[in-house]
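S.K.: Structure in structure tokens, see below.
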Amino acid sequence: MPVPAISKSKYLSGLQCPKLLWVYYRAKDWIPPVDAATQAVFDQGHVVGELAKQLYPGGIEVPWDTDLPTTVRKTKALLKQRVPLFEASLLGGGVYARADILEPVGRGQWDLIEVKSTGKVKDIHIPDLAAQRYCYEAAGLYIRRCHLMHIDTQYLLRGNPDPNRFFQCEDVTDQVDAMLPEVPRRVREMRKTIGQEACPEVEIGPHCSDPYDCPLTGRCWKAVNSRPHSIFTLYRLGAKKTWALYAQGVLDNAQIDEGTRLSGNQQIQIEAERTGQLQINKPAVRSFLERLYYPLQFLDFESFQTAIPLVQLTRPYQQIPFQFSLHQLVSSTARPRHFGWIWDGSGSPFDAMLEQLRACLTDQGAVVAYNASFEIARLREAAAACPTHRKWVEAVIDRTVDLLEPFRSFDVYHPAQHGSASMKSVLPALTGQDYAGMAISDGGMASQAYLTTFYGNAPQAAKEQTIKDLEAYCGQDTLGMWDIVKALGKLVRKP
């Protein structure tokens, strides 16, 4: 097949994994659809990019045409006007790139500005800009300087977003220039990879999730049982995936060096996988359950975060709590009582949340959360915004117990968890309950549903349905915690 120009995004994919690059051009159907969480990240990037354009009044956006040569011709025509250009598209040196911003400077020169929705310059941004500079200079442009524009995470929203204060712009020309000489060689190698008929064989390794999670991970790991892999490579990938290989007999403990030998609790997981039966460290679980005292209160928060703050006096990517669910039990024989709150968008979410929570929580009893560090962080952020609640919040934190602990430490493990200690894995493994069939089934969906409904001018009927769906999802989390505690009690015969 004729080898097409390599887009700068695919150039980055090729740096991460030649197999991924080949698939993008030769087997696109292997790439799964973009999930909601990833799409939300893309959408955030588009919003940030639109705000950055406000810094260049008089700038012109190059209209996109599905016919690439047409878009390039439009770009070349607009370059003659010597005004800032957005999404300028050029072909050069076998590479195709669209610049976030090209700013005319000096005599016939241009500054290249890449806009990122991150809080700092990252290593992967430099080859991104190097590929762009290589492309534009091969196409005949004189690039003077390269800049990376990113978010100032200390920016505090007061009134409307101010792009002059929201962004920081760093000159990364020297770093880009240092990497520029290797781009032609990389491009030649990538074009050769794309041109070959057979898919490259690539060993699984750290590149599977660095710098980005690879969309081929599921496909590549399906073949993991059929051939041996380097233990060093697998261990760097993380225990979750490595343990499964031990359990299936692909690797054994002797293959790990002394610095990375599996602990006794990790052996619990291996034994569970090998036998197909739940394994438990009963003394450790009993000790954990002794920390739970009535009235038991199971608490879960939902929050959203956006690159550009939506709430006054908050910062980029700050977690904004919009919902909590609380199931309360005064004794082991009592029926759980439920309390809930969803922010209506008015006033301060922090003050509203704490006021409602104070009205529901009792002054005694353990407060149980799953991955409690999240709930504790939200409580402390709310107390910082509402200092009158600080003393009460610290008292609540002092009696908070993390239900994740026995699963994170692998004192309990069921093979149905598939290497995960998340509640979405633990709940069905221990209780048979799950989130199947629910309109909202994870935290990312909850955040998107709330933002779409409360910031998207949804009709009243849709808003009411979303509220019901949110209540059902968050309520499942807190009631599910109680079910997990009951299951643990039965396993160690402790009421």
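By convention here, the chains of the structure tokens are called A, B, ... in the order presented, each chain's residues are numbered starting at 1, and ligands are numbered starting at 1 in the order presented.
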Write out as a PyMOL selection string the set of residues from segment 140-387 of chain A that DSSP, computed on the backbone, places in alpha helix (DSSP H).
M.R.: chain A and resi 163-166+173-179+183-195+217-222+231-237+239-247+264-275+282-289+349-360+372-385
S.K.: Neighbouring residues of segment 467-482 of chain A were defined as those with any atom within 9 Å, considering only C-alpha atoms; residues of the same chain fewer than 2 positions away were excluded. Please report them as a PyMOL selection string.
M.R.: chain A and resi 296-302+323-327+336+338-342+368-370+403+423-424+427+431+433-435+438-443+446+449-450+462-465+484-487
S.K.: Find, counting only C-alpha atoms, the residue in A:Leu361, A:Ala421, A:Cys220, A:Ile308 that gets nearest to Thr153 of chain A.
M.R.: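 Checking each candidate against Thr153 of chain A, we get A:Ile308 as the closest.
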S.K.: Of the candidates A:Gly345, A:Arg144, A:Phe407, A:Cys17, which one gets nearest to Ser425 of chain A if we count only C-alpha atoms?
M.R.: A:Phe407
S.K.: Just checking: using only C-alpha atoms, which residue out of A:Glu61, A:Asp111, A:Asp344, A:Asp67 ends up closest to Val172 of chain A?
M.R.: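 Using only C-alpha atoms, the shortest distance to Val172 of chain A belongs to A:Asp111.
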S.K.: Which residue, A:Ala178, A:Pro349, A:Gly59, A:Val48, has the smallest gap to Glu114 of chain A when you use only C-alpha atoms?
M.R.: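 Using only C-alpha atoms, Glu114 of chain A sits closest to A:Val48.
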